[in-house]
Each structure stands twice: as C-alpha cells, then as structure tokens.
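Q: Sharing work-v8.tsv here; it has TSV, C-alpha atoms.
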chain	number	residue	atom	x	y	z
A	30	MET	CA	-141.53	177.79	-53.80
A	31	ALA	CA	-139.71	175.94	-51.01
A	32	PHE	CA	-137.51	172.96	-51.81
A	33	ARG	CA	-136.31	172.12	-48.29
A	34	ARG	CA	-137.94	171.96	-44.91
A	35	ARG	CA	-136.92	174.83	-42.68
A	36	ASN	CA	-136.27	173.52	-39.19
A	37	LYS	CA	-134.43	176.67	-38.18
A	38	SER	CA	-134.27	180.21	-39.52
A	39	TYR	CA	-130.92	181.91	-40.10
A	40	PRO	CA	-129.95	185.57	-40.58
A	41	PHE	CA	-130.04	186.93	-44.11
A	42	PHE	CA	-126.80	186.73	-46.11
A	43	SER	CA	-125.33	184.23	-43.67
A	44	GLN	CA	-123.62	181.07	-44.83
A	45	GLU	CA	-126.31	178.77	-43.44
A	46	PHE	CA	-129.06	180.88	-45.01
A	47	LEU	CA	-127.41	180.60	-48.42
A	48	ILE	CA	-126.96	176.82	-48.12
A	49	GLN	CA	-130.51	176.26	-46.90
A	50	ASN	CA	-132.18	178.49	-49.51
A	51	HIS	CA	-129.83	178.17	-52.50
A	52	ALA	CA	-132.43	176.40	-54.66
A	53	ASP	CA	-135.03	179.12	-54.02
A	54	ILE	CA	-132.49	181.85	-54.82
A	55	VAL	CA	-131.51	180.16	-58.08
A	56	PHE	CA	-135.18	179.62	-58.95
A	57	SER	CA	-135.74	183.37	-58.57
A	58	LEU	CA	-132.87	184.05	-61.00
A	59	VAL	CA	-134.40	181.68	-63.55
A	60	ILE	CA	-137.79	183.41	-63.25
A	61	PHE	CA	-136.06	186.77	-63.67
A	62	ILE	CA	-134.45	185.60	-66.94
A	63	LEU	CA	-137.74	184.16	-68.22
A	64	ILE	CA	-139.54	187.43	-67.45
A	65	GLY	CA	-136.99	189.15	-69.68
A	66	LEU	CA	-138.53	187.38	-72.66
A	67	MET	CA	-141.72	189.41	-72.18
A	68	PHE	CA	-140.13	192.77	-72.96
A	69	GLU	CA	-138.71	193.79	-76.28
A	70	ALA	CA	-135.73	195.61	-74.76
A	71	THR	CA	-134.51	192.56	-72.85
A	72	ALA	CA	-135.78	189.73	-75.08
A	73	LYS	CA	-132.55	189.50	-77.12
A	74	THR	CA	-130.46	189.24	-73.98
A	75	ALA	CA	-132.79	186.70	-72.36
A	76	ILE	CA	-132.86	184.46	-75.44
A	77	LEU	CA	-129.07	184.39	-75.27
A	78	PHE	CA	-129.33	182.38	-72.05
A	79	ILE	CA	-132.16	180.06	-73.06
A	80	GLN	CA	-131.62	179.09	-76.70
A	81	PRO	CA	-128.39	177.70	-78.22
A	82	GLN	CA	-126.69	180.27	-80.44
A	83	TYR	CA	-124.73	180.26	-83.72
A	84	ASN	CA	-127.29	178.56	-85.93
A	85	ILE	CA	-126.85	178.32	-89.71
A	86	SER	CA	-129.57	177.28	-92.17
A	87	THR	CA	-128.45	174.88	-94.87
A	88	LEU	CA	-130.27	173.15	-97.72
A	89	THR	CA	-130.27	169.34	-97.73
A	90	PRO	CA	-132.19	166.75	-99.78
A	91	ASP	CA	-134.65	166.57	-96.87
A	92	GLY	CA	-135.20	170.33	-96.89
A	93	GLU	CA	-133.85	173.27	-94.94
A	94	VAL	CA	-132.00	172.26	-91.77
A	95	SER	CA	-130.60	174.44	-88.99
A	96	LEU	CA	-127.10	173.50	-87.88
A	97	TYR	CA	-125.07	174.96	-85.01
A	98	HIS	CA	-121.44	175.57	-84.15
A	99	TYR	CA	-119.87	176.73	-80.91
A	100	GLY	CA	-118.76	180.15	-79.69
A	101	TRP	CA	-118.29	182.24	-76.57
A	102	LYS	CA	-122.05	182.88	-76.27
A	103	ASP	CA	-122.47	179.24	-75.28
A	104	CYS	CA	-121.18	180.23	-71.83
A	105	ALA	CA	-124.41	182.11	-71.16
A	106	THR	CA	-126.50	179.09	-72.21
A	107	VAL	CA	-124.42	176.79	-70.02
A	108	LEU	CA	-124.90	179.18	-67.08
A	109	PHE	CA	-128.69	179.19	-67.49
A	110	TYR	CA	-128.94	175.41	-67.62
A	111	LEU	CA	-126.54	175.22	-64.69
A	112	PHE	CA	-129.24	177.08	-62.72
A	113	ILE	CA	-131.87	174.62	-64.00
A	114	THR	CA	-129.68	171.70	-62.92
A	115	ILE	CA	-129.31	173.11	-59.40
A	116	ILE	CA	-133.10	173.31	-59.12
A	117	LEU	CA	-133.59	169.76	-60.41
A	118	HIS	CA	-130.91	168.56	-58.00
A	119	ALA	CA	-132.85	170.05	-55.10
A	120	VAL	CA	-136.13	168.56	-56.34
A	121	VAL	CA	-134.68	165.03	-56.59
A	122	GLN	CA	-133.09	165.41	-53.16
A	123	GLU	CA	-136.19	166.72	-51.42
A	124	TYR	CA	-138.97	164.67	-53.00
A	125	ILE	CA	-137.20	161.34	-53.66
A	126	LEU	CA	-133.95	160.76	-51.79
A	127	ASP	CA	-134.87	162.38	-48.47
A	128	LYS	CA	-138.08	160.37	-48.27
A	129	VAL	CA	-136.21	157.12	-48.90
A	130	ASN	CA	-133.53	158.07	-46.35
A	131	ARG	CA	-136.11	158.57	-43.64
A	132	ARG	CA	-137.33	155.02	-44.16
A	133	LEU	CA	-133.91	153.37	-44.32
A	134	HIS	CA	-132.46	155.04	-41.18
A	135	LEU	CA	-128.91	155.04	-42.56
A	136	SER	CA	-125.85	156.34	-40.74
A	137	LYS	CA	-124.44	159.74	-41.65
A	138	SER	CA	-121.65	158.37	-43.85
A	139	LYS	CA	-123.97	155.93	-45.64
A	140	ASN	CA	-126.56	158.67	-46.02
A	141	THR	CA	-124.03	160.86	-47.85
A	142	LYS	CA	-123.06	158.02	-50.21
A	143	PHE	CA	-126.72	157.15	-50.79
A	144	ASN	CA	-127.50	160.74	-51.80
A	145	GLU	CA	-124.48	160.87	-54.11
A	146	SER	CA	-125.39	157.59	-55.80
A	147	GLY	CA	-129.05	158.60	-56.06
A	148	GLN	CA	-128.28	161.91	-57.78
A	149	LEU	CA	-125.73	160.40	-60.15
A	150	CYS	CA	-127.95	157.43	-60.94
A	151	VAL	CA	-130.75	159.74	-62.12
A	152	PHE	CA	-128.33	161.77	-64.24
A	153	TYR	CA	-126.62	158.71	-65.77
A	154	LEU	CA	-129.97	157.11	-66.55
A	155	VAL	CA	-131.28	160.19	-68.39
A	156	SER	CA	-127.99	160.91	-70.17
A	157	SER	CA	-127.41	157.32	-71.31
A	158	PHE	CA	-130.89	157.04	-72.85
A	159	TRP	CA	-130.55	160.51	-74.37
A	160	SER	CA	-127.15	159.75	-75.93
A	161	LEU	CA	-128.40	156.38	-77.21
A	162	TYR	CA	-131.37	158.14	-78.84
A	163	ILE	CA	-129.04	160.62	-80.57
A	164	LEU	CA	-126.74	157.85	-81.77
A	165	ALA	CA	-129.71	155.97	-83.21
A	166	THR	CA	-131.44	158.95	-84.87
A	167	GLU	CA	-128.21	160.36	-86.33
A	168	GLY	CA	-127.31	156.96	-87.81
A	169	TYR	CA	-123.99	156.53	-85.98
A	170	LEU	CA	-124.89	153.05	-84.73
A	171	LEU	CA	-125.66	151.60	-88.16
A	172	HIS	CA	-122.72	153.37	-89.83
A	173	PRO	CA	-119.71	153.35	-87.47
A	174	SER	CA	-117.49	154.87	-90.15
A	175	SER	CA	-119.49	158.10	-89.81
A	176	LEU	CA	-117.64	158.68	-86.53
A	177	TRP	CA	-114.57	159.86	-88.49
A	178	GLU	CA	-115.79	160.40	-92.05
A	179	ASN	CA	-116.36	163.97	-93.32
A	180	TYR	CA	-114.33	165.46	-90.48
A	181	PRO	CA	-114.41	168.21	-89.19
A	182	HIS	CA	-117.86	167.85	-87.68
A	183	SER	CA	-118.07	171.53	-86.85
A	184	HIS	CA	-121.79	171.92	-87.64
A	185	LEU	CA	-124.09	170.12	-85.24
A	186	ARG	CA	-127.77	169.43	-85.14
A	187	PHE	CA	-129.78	171.02	-82.37
A	188	GLN	CA	-130.09	167.87	-80.27
A	189	VAL	CA	-126.33	167.19	-80.38
A	190	LYS	CA	-125.34	170.72	-79.36
A	191	PHE	CA	-128.01	170.90	-76.67
A	192	PHE	CA	-126.82	167.57	-75.28
A	193	TYR	CA	-123.25	168.84	-74.92
A	194	LEU	CA	-124.37	172.12	-73.36
A	195	THR	CA	-126.44	170.32	-70.74
A	196	GLN	CA	-123.58	167.94	-70.00
A	197	LEU	CA	-121.26	170.87	-69.36
A	198	ALA	CA	-123.95	172.55	-67.25
A	199	TYR	CA	-124.36	169.45	-65.07
A	200	TRP	CA	-120.67	168.95	-64.35
A	201	PHE	CA	-120.09	172.65	-63.72
A	202	HIS	CA	-123.06	172.63	-61.33
A	203	ALA	CA	-121.35	169.83	-59.37
A	204	LEU	CA	-118.70	172.33	-58.21
A	205	PRO	CA	-121.00	174.65	-56.17
A	206	GLU	CA	-122.94	171.60	-54.98
A	207	LEU	CA	-119.85	170.57	-53.02
A	208	TYR	CA	-120.46	173.69	-50.95
A	209	PHE	CA	-124.25	173.47	-50.83
A	210	GLN	CA	-124.23	169.80	-49.77
A	211	LYS	CA	-121.54	170.39	-47.11
A	212	VAL	CA	-119.29	167.66	-48.48
A	213	ARG	CA	-116.57	166.58	-46.05
A	214	LYS	CA	-113.05	167.84	-46.69
A	215	GLU	CA	-111.81	164.27	-47.09
A	216	GLU	CA	-114.26	163.68	-49.95
A	217	ILE	CA	-113.64	166.92	-51.85
A	218	PRO	CA	-110.38	165.84	-53.62
A	219	ARG	CA	-111.98	162.63	-54.86
A	220	GLN	CA	-115.03	164.42	-56.24
A	221	LEU	CA	-112.97	167.23	-57.77
A	222	LYS	CA	-110.90	164.58	-59.52
A	223	TYR	CA	-113.77	162.90	-61.37
A	224	ILE	CA	-115.55	166.22	-62.03
A	225	GLY	CA	-112.37	167.51	-63.64
A	226	LEU	CA	-112.00	164.35	-65.73
A	227	TYR	CA	-115.54	164.61	-67.07
A	228	LEU	CA	-115.19	168.32	-67.87
A	229	SER	CA	-111.85	167.86	-69.62
A	230	HIS	CA	-113.12	165.01	-71.81
A	231	ILE	CA	-116.43	166.71	-72.70
A	232	LEU	CA	-114.74	170.05	-73.46
A	233	ALA	CA	-112.11	168.31	-75.61
A	234	ALA	CA	-114.79	166.51	-77.64
A	235	TYR	CA	-116.87	169.69	-78.01
A	236	LEU	CA	-114.10	172.16	-78.83
A	237	LEU	CA	-112.05	169.84	-81.07
A	238	ASN	CA	-115.17	168.75	-83.03
A	239	PHE	CA	-114.90	165.11	-81.93
A	240	THR	CA	-118.56	165.19	-80.91
A	241	ARG	CA	-119.53	161.91	-82.61
A	242	VAL	CA	-116.82	159.88	-80.93
A	243	GLY	CA	-117.57	161.72	-77.70
A	244	LEU	CA	-121.22	160.64	-77.82
A	245	VAL	CA	-120.21	156.97	-78.03
A	246	LEU	CA	-117.69	157.28	-75.21
A	247	LEU	CA	-120.13	159.14	-72.95
A	248	PHE	CA	-122.84	156.55	-73.56
A	249	LEU	CA	-120.49	153.69	-72.61
A	250	GLN	CA	-119.09	155.52	-69.59
A	251	TYR	CA	-122.51	156.57	-68.27
A	252	LEU	CA	-123.87	153.05	-68.70
A	253	SER	CA	-121.01	151.60	-66.67
A	254	GLU	CA	-121.27	154.23	-63.93
A	255	MET	CA	-125.03	153.79	-63.71
A	256	GLY	CA	-124.49	150.07	-63.01
A	257	PHE	CA	-122.11	150.88	-60.15
A	258	HIS	CA	-124.40	153.40	-58.46
A	259	LEU	CA	-127.43	151.16	-58.89
A	260	SER	CA	-125.48	148.37	-57.19
A	261	ARG	CA	-124.56	150.68	-54.34
A	262	LEU	CA	-128.18	151.80	-53.88
A	263	PHE	CA	-129.36	148.20	-53.68
A	264	TYR	CA	-126.54	147.44	-51.23
A	265	PHE	CA	-127.67	150.25	-48.90
A	266	ILE	CA	-131.22	148.91	-49.02
A	267	ASP	CA	-130.11	145.31	-48.39
A	268	GLU	CA	-126.49	144.79	-47.29
A	269	THR	CA	-126.59	141.10	-48.27
A	270	HIS	CA	-127.07	142.08	-51.92
A	271	HIS	CA	-123.66	141.66	-53.63
A	272	LYS	CA	-124.54	140.04	-56.97
A	273	MET	CA	-124.97	143.35	-58.80
A	274	PHE	CA	-121.44	144.37	-57.82
A	275	ASP	CA	-120.11	141.18	-59.40
A	276	MET	CA	-122.04	141.89	-62.60
A	277	TRP	CA	-120.81	145.48	-62.61
A	278	SER	CA	-117.19	144.34	-62.18
A	279	VAL	CA	-117.37	142.33	-65.40
A	280	GLY	CA	-119.12	145.18	-67.23
A	281	PHE	CA	-116.56	147.71	-65.98
A	282	VAL	CA	-113.62	145.87	-67.52
A	283	LEU	CA	-115.49	145.24	-70.77
A	284	THR	CA	-116.44	148.92	-71.00
A	285	ARG	CA	-112.79	150.00	-70.69
A	286	MET	CA	-111.84	147.61	-73.49
A	287	VAL	CA	-114.63	148.84	-75.78
A	288	ILE	CA	-113.77	152.51	-75.11
A	289	LEU	CA	-110.11	151.95	-75.98
A	290	THR	CA	-111.08	150.00	-79.11
A	291	VAL	CA	-113.41	152.78	-80.32
A	292	MET	CA	-110.76	155.44	-79.69
A	293	PHE	CA	-108.02	153.62	-81.59
A	294	LEU	CA	-110.43	152.76	-84.42
A	295	ALA	CA	-111.84	156.29	-84.84
A	296	VAL	CA	-108.92	158.54	-83.90
A	297	GLY	CA	-105.90	156.30	-84.38
A	298	PHE	CA	-106.91	154.76	-87.73
A	299	GLY	CA	-109.98	156.55	-89.13
A	300	LEU	CA	-108.81	160.17	-88.80
A	301	ALA	CA	-105.24	159.20	-89.63
A	302	ARG	CA	-106.37	158.18	-93.14
A	303	SER	CA	-108.10	161.49	-93.78
A	304	GLU	CA	-106.67	163.56	-96.62
A	305	ASN	CA	-107.03	166.90	-94.83
A	306	GLN	CA	-104.61	166.83	-91.87
A	307	MET	CA	-103.79	170.52	-91.62
A	308	LEU	CA	-104.68	172.68	-88.62
A	309	ASP	CA	-107.43	175.12	-89.61
A	310	TRP	CA	-109.04	177.19	-86.86
A	311	GLU	CA	-111.68	178.77	-89.12
A	312	MET	CA	-112.90	175.42	-90.48
A	313	GLY	CA	-112.54	173.74	-87.08
A	314	ASN	CA	-110.12	171.13	-88.38
A	315	PHE	CA	-107.89	169.77	-85.59
A	316	ASN	CA	-106.94	166.55	-87.34
A	317	THR	CA	-103.19	166.72	-86.88
A	318	LEU	CA	-100.79	164.08	-85.61
A	319	SER	CA	-99.96	165.96	-82.41
A	320	ILE	CA	-103.62	166.59	-81.49
A	321	ARG	CA	-104.58	162.99	-82.26
A	322	LEU	CA	-101.76	161.73	-80.04
A	323	LEU	CA	-102.78	164.17	-77.31
A	324	VAL	CA	-106.41	163.01	-77.43
A	325	LEU	CA	-105.39	159.34	-77.43
A	326	LEU	CA	-103.04	159.98	-74.50
A	327	LEU	CA	-105.81	161.70	-72.52
A	328	VAL	CA	-108.36	158.92	-73.03
A	329	CYS	CA	-105.93	156.00	-72.69
A	330	SER	CA	-104.31	157.38	-69.55
A	331	THR	CA	-107.74	157.93	-67.97
A	332	GLN	CA	-108.91	154.42	-68.81
A	333	SER	CA	-105.64	152.90	-67.60
A	334	TRP	CA	-105.89	154.83	-64.35
A	335	LEU	CA	-109.47	153.63	-63.84
A	336	LEU	CA	-108.44	150.01	-64.49
A	337	TRP	CA	-105.49	150.32	-62.12
A	338	LYS	CA	-107.72	151.67	-59.36
A	339	PHE	CA	-110.26	148.93	-60.01
A	340	PHE	CA	-107.76	146.05	-59.88
A	341	ARG	CA	-106.05	147.51	-56.83
A	342	PHE	CA	-109.39	147.72	-55.02
A	343	GLN	CA	-110.29	144.16	-56.00
A	344	LEU	CA	-106.92	142.81	-54.81
A	345	ARG	CA	-107.22	144.65	-51.50
A	346	ARG	CA	-110.75	143.38	-51.08
A	347	THR	CA	-109.68	139.79	-51.79
A	348	ARG	CA	-106.77	140.07	-49.35
A	349	GLU	CA	-109.02	141.46	-46.61
A	350	TYR	CA	-111.57	138.71	-47.23
A	351	ARG	CA	-108.94	135.98	-46.90
A	352	LEU	CA	-107.55	137.51	-43.70
A	353	GLU	CA	-111.05	137.72	-42.26
A	354	GLN	CA	-111.77	134.09	-43.11
A	355	ALA	CA	-108.48	132.96	-41.55
A	356	ARG	CA	-109.24	134.99	-38.43
A	357	LYS	CA	-112.66	133.38	-38.15
A	358	ARG	CA	-111.24	129.88	-38.51
A	359	ALA	CA	-108.62	130.56	-35.82
A	360	ALA	CA	-111.28	131.95	-33.47
A	361	ALA	CA	-113.52	128.93	-34.09
A	362	LYS	CA	-110.69	126.53	-33.18
A	363	GLN	CA	-110.01	128.36	-29.92
A	364	GLN	CA	-113.67	128.35	-28.90
A	365	THR	CA	-114.20	124.61	-29.52
A	366	PRO	CA	-114.54	122.96	-26.00
A	367	ARG	CA	-112.57	119.80	-25.25
A	368	ALA	CA	-114.46	116.91	-23.62
A	369	PRO	CA	-113.00	115.98	-20.19
A	370	LYS	CA	-111.62	112.46	-19.78
A	371	ARG	CA	-113.48	110.32	-17.22
A	372	ASP	CA	-113.06	106.85	-15.84
A	373	SER	CA	-115.24	104.16	-17.29
A	374	VAL	CA	-116.76	103.38	-13.88
A	375	GLY	CA	-117.11	106.90	-12.48
A	376	HIS	CA	-115.06	109.63	-10.83
A	377	HIS	CA	-113.70	110.41	-7.41
A	378	GLU	CA	-115.27	113.08	-5.22
A	379	ASN	CA	-113.96	113.82	-1.70
A	380	GLY	CA	-112.08	110.59	-1.75
A	381	VAL	CA	-115.19	108.55	-2.54
A	382	LEU	CA	-115.72	106.80	-5.86
A	383	LYS	CA	-118.85	108.12	-7.56
A	384	ALA	CA	-120.68	106.52	-10.45
A	385	GLU	CA	-121.77	108.34	-13.59
A	386	ASN	CA	-125.23	109.00	-12.10
A	387	GLY	CA	-123.76	110.55	-8.96
A	388	THR	CA	-124.41	107.53	-6.62
A	389	SER	CA	-121.73	105.56	-4.88
A	390	PRO	CA	-121.32	102.04	-6.21
A	391	ARG	CA	-122.32	99.28	-3.81
A	392	LEU	CA	-119.63	97.06	-2.49
A	393	LYS	CA	-120.04	93.40	-3.18
A	394	LYS	CA	-120.53	91.35	-0.03
A	395	LEU	CA	-118.29	88.35	0.37
A	396	LYS	CA	-120.18	85.15	0.90
A	397	SER	CA	-119.21	83.30	4.05
A	398	PRO	CA	-117.80	79.84	3.45
Take the structure in this file and express it as structure tokens.

A:
Amino acid sequence: MAFRRRNKSYPFFSQEFLIQNHADIVFSLVIFILIGLMFEATAKTAILFIQPQYNISTLTPDGEVSLYHYGWKDCATVLFYLFITIILHAVVQEYILDKVNRRLHLSKSKNTKFNESGQLCVFYLVSSFWSLYILATEGYLLHPSSLWENYPHSHLRFQVKFFYLTQLAYWFHALPELYFQKVRKEEIPRQLKYIGLYLSHILAAYLLNFTRVGLVLLFLQYLSEMGFHLSRLFYFIDETHHKMFDMWSVGFVLTRMVILTVMFLAVGFGLARSENQMLDWEMGNFNTLSIRLLVLLLVCSTQSWLLWKFFRFQLRRTREYRLEQARKRAAAKQQTPRAPKRDSVGHHENGVLKAENGTSPRLKKLKSP
C-alpha cells in the first residue's frame, strides 16, 4: 500500500528512504499488531494496544455500565493510535492536500503553511464535533454544575476515555511528523511550543481527573483554531479574502474570555466549595488549594500569553498598514506631473513666436494713409 509517489528510489535504511516510506512502515506495524489478535498466545498482548484498559462494571438505574480509569497500560493504547494517526496524516496529505497544491501552484513557504493548516483543520473539525457530541450525550451542556459536582471524576465512560487517548496520540504523533515533513529549523521551536502546550493541558486534565472541564476547554480551543486555519486556507486560495480573518479575530478574543470564565467558575469556585479537599491518590482526588492554584495558573498564563501575542500581532499589522499607506500617498504626490505654463498667445521657438497650433501668427499689415 503506497501513500506517496516515488519519484526516486533511495537505499534501504537511509534517511530519505525512511522519510519517503514512513507511512508504509507504520502501516506494516499496525497490520502486525492486528494479526496478533488471531492467535491465542498473542491475543492478550495485541488487545492491550487496541482496546482501552482498566474497565470496571458498575450497576446503575439504566443497567450495567462499564467505566474506565487510567493507568500505565494506556501508553500502549496511545502508541497504537499514534501509528493510526500517522497513517491518516499521510492519507490526507496524499489524496487531498497534494492534489489541491498542484492546482494552486503555491510557493514553497506558502505550500508548507497550506499543508499545516489543512492537516490541523481536519483534526480540529473532527475533534470539535466529537467533543460537542460527548458534551451533549453526557449532559454537561444542560447541567453546567456537573463539571465540578461529584468530584473526583476518576471513572470515565468509554467515549470520554477514548477521546482523551486519541487526543494524546495525535499530539504525540506531531513530534515525529516534524522529522517526516522536513520542517524548517526556524519553524521547529514554534511548533514544539504549541505541541507542548496542548500535551501539558490534556495530560493535566486526564491525570488530575478534570476531564469534564477539559472537554469544554478543548471544544472552545479547537473551534477557535479551526476558524483561524480555515481563514488561512481561503486566503491561500484567494489572497483578496480577508473577511474571515476579521471574524476570527473577534471570535478569538471571545473564546479566551469564555475559557477563563469557565475555569474560574469550575475550578476557582465550584471545586473550592467541595467538602472533600484532601489529597487522595487511590481515589484520584486532587482537589487541594495548591493544585487548584497550579491549574488556574497554567490555564490563565497560557490564555494571557495567547492574548498578548494576538494584540501584539494586530498592533504590528496596523502600524505596517499605516506606514504602507503613507508611503503610497508620498509616492503618488511625487509622480503627479505639473502642467507647464504657456503664454496665452503661443510660445517662442528659435526666436520665432509660435501659436498654439504650431503656426506662426500673421502680422497685421498697416493700411497706407
């Protein structure tokens, strides 16, 4: 199964061979794990990679329900879905983005940004709808107080745990993709920065059992980021298209405000009123003053940093626009031609008076007395 067109063959185990065929190699590993399900001796090990672990059956008024908590075996599940994400990344790149790039004829720098926005736009679109579906089916939208009530939320439904595992798999997969996509050295620090921010926030929500609040924050963040990358895709298709950036700018600021409001409401006020505020590793209770302050500091500092970068970019853009407009006005004044002053009768040429039409005016003859 080939994901990329081979224009040139490279020696085995070389760097270029690995980059060109990484999706096929990962696909072979996935097939190898799936084949392990067919044999009794390896089925238990293979299921460790495919299915989320640590399930507990509990009785509810609706019947028997399987709930999950986290453990070290989740690393194997994240690794397997990291492989799946690498394959899906290659499929989107080969069968969607590369075909669009060949039609647009973008420059190398714009091509890189187009691929980045295309990949992230697909991920944000799927994740935002998925998180919204979970919020609606779990009842968190209709009952906001459920975000902090009955904490700790150490037992998760299958869809909630699987969502967090796939989120971790995607952002961990972004690290080797920096190598596979041959990202420029100048771009690596920027991408490592936002990959690290996503991983730190998702891991904090998953390990500290703040999964309900984390779902809301991820939905808001993904919705805002999807608007930005959609605007950038439309800009690359038509460079005169700027209206979506203006709409995204308003939505970006509103999203920061809503995220900060939800955090202070759920963590700063909701969990602070809880009766059980003792650290308990076995029960998964991390509702202590120091941990709440640490979580609030992490989220608030990130949102403040994003707002600072946004306003600084907007101010620089406004300053550059004003300088450009002033430069254009100055150039237009210099290029405006001045009309030459001429006599009302004509002009002199070689000492002879010429009329406006180029002929010499006739001299009036004096009448003899």

Q: Which protein, DNA or RNA residues are at most 7 Å from (-128.8, 173.9, -53.0) in the file's coordinates when you count all atoms listed in the file, listed as a ChimeraX atom specification?

A: /A:48-52,115,119,206,209-210

Q: What lies within 10 Å of A:Ser95 using only C-alpha atoms, ignoring chain neighbours under 4 positions off, as a short mmCIF file (atom, residue, chain, number, x, y, z; two decimals) with C-alpha atoms, in the coordinates of the input?

A:
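Now in part33.cif:
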data_model
loop_
_atom_site.label_atom_id
_atom_site.label_comp_id
_atom_site.auth_asym_id
_atom_site.auth_seq_id
_atom_site.Cartn_x
_atom_site.Cartn_y
_atom_site.Cartn_z
CA TYR A 83 -124.73 180.26 -83.72
CA ASN A 84 -127.29 178.56 -85.93
CA ILE A 85 -126.85 178.32 -89.71
CA SER A 86 -129.57 177.28 -92.17
CA THR A 87 -128.45 174.88 -94.87
CA LEU A 88 -130.27 173.15 -97.72
CA HIS A 184 -121.79 171.92 -87.64
CA LEU A 185 -124.09 170.12 -85.24
CA ARG A 186 -127.77 169.43 -85.14
CA PHE A 187 -129.78 171.02 -82.37
#

Q: Name all residues at most 12 Å from A:Leu327 (count all atoms listed in the file; drop same-chain ones fewer than 2 positions away) and give them as an MDAnalysis selection string.

A: chainID A and resid 226:227 229:231 233:234 289 292 320:325 329:334

Q: Considering only C-alpha atoms, return as a VMD selection string whatever protein or nucleic-acid residues lie within 9 Å of stretch 62-79 of chain A, sequence-local ones (same chain, fewer than 2 positions apart) excluded.

A: chain A and resid 57 to 60 81 to 82 102 to 110

Q: Measure the distance from atom CA of A:Tyr99 to atom CA of A:Val189 in Å and round it to one decimal.

A: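 Computing the Euclidean distance for atom CA of A:Tyr99 and atom CA of A:Val189 yields 11.5 Å.
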
Q: Return the single residue from A:Met255, A:Ala301, A:Leu171, A:Val242 that is closest to A:Ile288, with distances computed using all atoms listed in the file.

A: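 Nearest candidate to A:Ile288 out of A:Met255, A:Ala301, A:Leu171, A:Val242: A:Val242.
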
Q: Using only C-alpha atoms, tabulate the residues of stretch 263-335 of chain A lying at most 12 Å from any atom of stretch 341-363 of chain A, each with its closest atom pair and that distance in Å to one decimal, by chain and increasing residue number, as CSV.

A:
residue,atom,partner,partner_atom,distance
A:Phe274,CA,A:Gln343,CA,11.3
A:Asp275,CA,A:Gln343,CA,10.8
A:Ser278,CA,A:Gln343,CA,9.3
A:Val279,CA,A:Gln343,CA,11.9
A:Trp334,CA,A:Arg341,CA,10.5
A:Leu335,CA,A:Arg341,CA,9.9

Q: Nearest residue to A:Phe298 out of A:Ser174, A:Ala198, A:Thr240, A:Met312, using only C-alpha atoms?

A: A:Ser174

Q: Give me, please, the distance in Å between atom CA of A:Glu304 and atom CA of A:Lys190, quoted to one decimal.

A: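 These atoms are spaced 26.4 Å apart.
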
Q: Show me, as a count of residues only, the residues that have an atom within 12 Å of A:Arg261 when counting only C-alpha atoms, minus same-chain residues fewer than 2 positions from it.

A: 30

Q: Which value, in Å to one decimal, gives the distance between atom CA of A:Thr141 and atom CA of A:Leu117?

A: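 Computing it gives 18.1 Å between the two atoms.
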
Q: Give me the residues near A:Trp200 as a ChimeraX atom specification, where near means some atom within 9 Å (using only C-alpha atoms) and where sequence neighbours in that chain fewer than 6 positions away do not count.

A: /A:111,224-225,227-228

Q: Please tell me which residues are no farther than 10 Å from (-110.1, 173.0, -88.9) in the file, counting only C-alpha atoms, and write them as a list in words.

A: Tyr180, Pro181, His182, Ser183, Leu237, Asn238, Asn305, Gln306, Met307, Leu308, Asp309, Trp310, Glu311, Met312, Gly313, Asn314, Phe315, Asn316 and Thr317 of chain A

Q: Just C-alpha atoms for this one: save the residues we selected as a PDB file, in the frame of the given file.

A:
ATOM      1  CA  TYR A 180    -114.330 165.460 -90.480  1.00  0.00           C
ATOM      2  CA  PRO A 181    -114.410 168.210 -89.190  1.00  0.00           C
ATOM      3  CA  HIS A 182    -117.860 167.850 -87.680  1.00  0.00           C
ATOM      4  CA  SER A 183    -118.070 171.530 -86.850  1.00  0.00           C
ATOM      5  CA  LEU A 237    -112.050 169.840 -81.070  1.00  0.00           C
ATOM      6  CA  ASN A 238    -115.170 168.750 -83.030  1.00  0.00           C
ATOM      7  CA  ASN A 305    -107.030 166.900 -94.830  1.00  0.00           C
ATOM      8  CA  GLN A 306    -104.610 166.830 -91.870  1.00  0.00           C
ATOM      9  CA  MET A 307    -103.790 170.520 -91.620  1.00  0.00           C
ATOM     10  CA  LEU A 308    -104.680 172.680 -88.620  1.00  0.00           C
ATOM     11  CA  ASP A 309    -107.430 175.120 -89.610  1.00  0.00           C
ATOM     12  CA  TRP A 310    -109.040 177.190 -86.860  1.00  0.00           C
ATOM     13  CA  GLU A 311    -111.680 178.770 -89.120  1.00  0.00           C
ATOM     14  CA  MET A 312    -112.900 175.420 -90.480  1.00  0.00           C
ATOM     15  CA  GLY A 313    -112.540 173.740 -87.080  1.00  0.00           C
ATOM     16  CA  ASN A 314    -110.120 171.130 -88.380  1.00  0.00           C
ATOM     17  CA  PHE A 315    -107.890 169.770 -85.590  1.00  0.00           C
ATOM     18  CA  ASN A 316    -106.940 166.550 -87.340  1.00  0.00           C
ATOM     19  CA  THR A 317    -103.190 166.720 -86.880  1.00  0.00           C
TER      20      THR A 317
END

Q: How big is the axis-aligned box around all listed atoms of stretch 247-259 of chain A once 3 Å goes on each side, and where's its centre, in Å to one decimal, as lines of an AutoDock Vina configuration file?

A:
center_x = -123.3
center_y = 154.6
center_z = -66.0
size_x = 14.3
size_y = 15.1
size_z = 21.1
